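See below for the structure under consideration.
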Amino acid sequence: LDDPDEAVARCVEERIMQLGREALSAMEKAASDETDPKRRLLIRRRREMFNGRMRTADLKAISKTARSGGFSLYEPVFTISSLLDADLSREQFQESFIACASHFEGEISPQRTALENVEIFNHIFFDRLRFKVVDHDLKSPSNALLTEMLATGRGNPFTVAVLYFLLAEEQHINLLPLCFGVGFVPACVERGEELFCIDTSGGGRIFPSDGLSGKGASLHPRGVIPG
């Protein structure tokens, strides 16, 4: 990894990219076994760099399918989470997500109206699971990590909104981001028309979409979150 020969370094990097996640696991073991603090730090920094390259390539591939039918938020959300945390495995992420999603099982029903289902969903999300928006100024890195939010119940406005979308998708609640000048809010949609909006920063407050729709707001496809 620290060979001064550019040709050697390039070959090593290409080989690591070919090996993928397997190489990252080997690099972490090498770092743990390394007794020299400087070399240990070098290996871990390179591991983070390669993890970033791999996950960025994954996101580019995912983005090509974002507008296709059957697109799910789960894969890009996992990929972004593992981009920010090189130690996060798919198994760890899935375990945390399933533990959270299990609280909604049997609660949402197609026999209820969209409004009734969202009210039930909000009760579980905000009251039972106690997810809460903190760090409104986006200054804390830990509050930007979805895995941290799943563990602590606290996240910044974007993290809470992303988890809200992800869990709603799991329960077949049709939400799209309704975008306006300073951000976006989840909008419940039926047959291409927004029925109402949800303020995830305000404890799930439901409000009419009219106030936003008249101010240049527009619906974006699922999976396309501005910013």
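Following the order of the structure tokens, chains are lettered A, B, ..., residues in each are numbered from 1, and ligands are numbered from 1.
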> Neighbours of A:Pro186 within 7 Å (only C-alpha atoms; same-chain residues fewer than 3 positions away dropped), as a ChimeraX atom specification?
Replying inline: /A:175-178,197-198
> Near stretch 159-162 of chain A, counting only C-alpha atoms, which residues have an atom at most 7 Å away, once you skip same-chain residues fewer than 2 positions from it, shown as a list in words?
Replying inline: Val133, Ala144, Leu146, Gly155, Asn156, Pro157, Tyr164, Phe165, Leu166 and Thr200 of chain A
>> Ranking A:Gln94, A:Ser63, A:Gln171, A:Thr56 by minimum distance to A:Ile80 and counting only C-alpha atoms, which one comes first?
In response: A:Thr56
>> Considering only strand (DSSP E) as DSSP defines it on the backbone, what residues of stretch 92-201 of chain A qualify? List them as a list in words.
In response: Lys132, Val133, Arg154, Gly155, Leu175, Leu176, Pro177, Leu178, Cys179, Phe180, Gly183, Phe184, Val185, Pro186, Ala187, Cys188, Val189, Glu190, Glu193, Glu194, Leu195, Phe196, Cys197, Ile198 and Asp199 of chain A
>> My list of candidates is A:Ser32, A:Thr113, A:Ser140, A:Thr147. Which is closest to A:Leu88 when distances are computed with only C-alpha atoms?
In response: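 So, comparing all the options, the nearest one is A:Thr147.
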>> I'd like the neighbourhood of A:His172 as an NGL selection string, where a residue qualifies if any of its atoms comes within 12 Å (using only C-alpha atoms), though same-chain residues fewer than 5 positions away should be ignored.
In response: :A and (70 or 72 or 104-105 or 107-110 or 114 or 117-118 or 121 or 165-167 or 188-190)
Generate the output file for the selected residues, N, CA and C atoms, as a CSV table (one decimal), in the first residue's frame.
```
chain,number,residue,atom,x,y,z
A,70,GLY,N,-40.5,-1.0,-9.6
A,70,GLY,CA,-40.0,-1.9,-8.6
A,70,GLY,C,-38.8,-1.4,-7.9
A,72,SER,N,-36.5,0.0,-5.1
A,72,SER,CA,-36.6,0.0,-3.6
A,72,SER,C,-35.5,1.0,-3.0
A,104,PHE,N,-44.1,-2.6,13.0
A,104,PHE,CA,-45.2,-2.2,12.2
A,104,PHE,C,-46.0,-3.4,11.6
A,105,GLU,N,-45.6,-4.6,11.9
A,105,GLU,CA,-46.2,-5.8,11.3
A,105,GLU,C,-47.7,-5.9,11.8
A,107,GLU,N,-50.0,-3.9,11.5
A,107,GLU,CA,-50.7,-2.6,11.9
A,107,GLU,C,-51.3,-1.8,10.7
A,108,ILE,N,-50.6,-1.9,9.6
A,108,ILE,CA,-51.0,-1.2,8.4
A,108,ILE,C,-51.9,-2.1,7.6
A,109,SER,N,-53.1,-1.6,7.1
A,109,SER,CA,-54.0,-2.4,6.4
A,109,SER,C,-54.5,-1.7,5.1
A,110,PRO,N,-54.6,-2.4,4.0
A,110,PRO,CA,-55.2,-1.8,2.8
A,110,PRO,C,-56.7,-1.5,3.0
A,114,ALA,N,-55.7,6.0,3.5
A,114,ALA,CA,-54.3,6.4,3.5
A,114,ALA,C,-54.1,7.2,4.8
A,117,ASN,N,-53.9,5.0,7.9
A,117,ASN,CA,-52.6,4.2,7.9
A,117,ASN,C,-51.5,5.1,8.3
A,118,VAL,N,-51.4,6.3,7.8
A,118,VAL,CA,-50.3,7.2,8.2
A,118,VAL,C,-50.4,7.6,9.6
A,121,PHE,N,-49.0,4.7,11.5
A,121,PHE,CA,-47.6,4.6,11.2
A,121,PHE,C,-46.9,5.7,12.1
A,165,PHE,N,-39.2,7.3,5.1
A,165,PHE,CA,-39.5,6.9,3.7
A,165,PHE,C,-39.3,5.4,3.6
A,166,LEU,N,-38.1,4.9,4.2
A,166,LEU,CA,-37.7,3.5,4.1
A,166,LEU,C,-38.8,2.6,4.8
A,167,LEU,N,-39.2,2.9,6.0
A,167,LEU,CA,-40.1,2.1,6.7
A,167,LEU,C,-41.5,2.2,6.1
A,188,CYS,N,-48.1,11.9,0.8
A,188,CYS,CA,-48.8,10.7,0.6
A,188,CYS,C,-49.5,10.8,-0.8
A,189,VAL,N,-49.3,9.9,-1.7
A,189,VAL,CA,-49.8,10.0,-3.0
A,189,VAL,C,-50.7,8.9,-3.4
A,190,GLU,N,-51.8,9.2,-4.1
A,190,GLU,CA,-52.6,8.2,-4.8
A,190,GLU,C,-52.9,8.6,-6.2
```
> Which one is closest to A:Cys100: A:Glu119, A:Asp210, A:Glu193, A:Glu170? Count only C-alpha atoms.
Replying inline: A:Glu170
>> Which of stretch 103-184 of chain A end up as helix (DSSP H, G or I) when DSSP is run on this backbone - answer as a PyMOL selection string?
In response: chain A and resi 103-104+114-128+141-144+146-152+157-170
> Excluding same-chain residues fewer than 2 positions from A:Asn122, what lies within 10 Å of it counting only C-alpha atoms, as a PyMOL selection string?
Replying inline: chain A and resi 116-120+124-129+131+164+168+198+200+203-206
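Candidate residues A:Arg10, A:Asp85, A:Lys38, A:Arg46 were compared for distance to A:Ala23, and the nearest is A:Arg46, using only C-alpha atoms.
Here atom CA of A:Leu195 is placed at a distance of 6.9 Å from atom CA of A:Ser209.
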> Can you list, as a PyMOL selection string, every protein, DNA or RNA residue that comes within 7 Å of A:Ile43 when you count only C-alpha atoms, leaving out same-chain residues fewer than 3 positions away?
Replying inline: chain A and resi 27+31+39-40+46-47
Could you save the residues just selected, with N, CA and C atoms, as a PDB file, in the first residue's frame?
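Dumped everything to selection-v3.pdb:
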```
ATOM      1  N   MET A  27      -7.982  -6.122   4.835  1.00  0.00           N
ATOM      2  CA  MET A  27      -7.241  -4.936   5.256  1.00  0.00           C
ATOM      3  C   MET A  27      -7.501  -4.611   6.718  1.00  0.00           C
ATOM      4  N   ALA A  31      -4.744  -4.458   9.642  1.00  0.00           N
ATOM      5  CA  ALA A  31      -4.584  -3.304  10.527  1.00  0.00           C
ATOM      6  C   ALA A  31      -4.622  -3.736  11.989  1.00  0.00           C
ATOM      7  N   ARG A  39       1.770   2.406  10.486  1.00  0.00           N
ATOM      8  CA  ARG A  39       1.328   1.509   9.413  1.00  0.00           C
ATOM      9  C   ARG A  39      -0.141   1.109   9.633  1.00  0.00           C
ATOM     10  N   ARG A  40      -0.521   0.929  10.894  1.00  0.00           N
ATOM     11  CA  ARG A  40      -1.925   0.604  11.181  1.00  0.00           C
ATOM     12  C   ARG A  40      -2.841   1.725  10.703  1.00  0.00           C
ATOM     13  N   ARG A  46      -6.352   3.883   4.042  1.00  0.00           N
ATOM     14  CA  ARG A  46      -6.510   3.347   2.687  1.00  0.00           C
ATOM     15  C   ARG A  46      -7.786   2.512   2.592  1.00  0.00           C
ATOM     16  N   ARG A  47      -8.107   1.798   3.640  1.00  0.00           N
ATOM     17  CA  ARG A  47      -9.327   0.994   3.640  1.00  0.00           C
ATOM     18  C   ARG A  47     -10.556   1.891   3.498  1.00  0.00           C
TER      19      ARG A  47
END
```
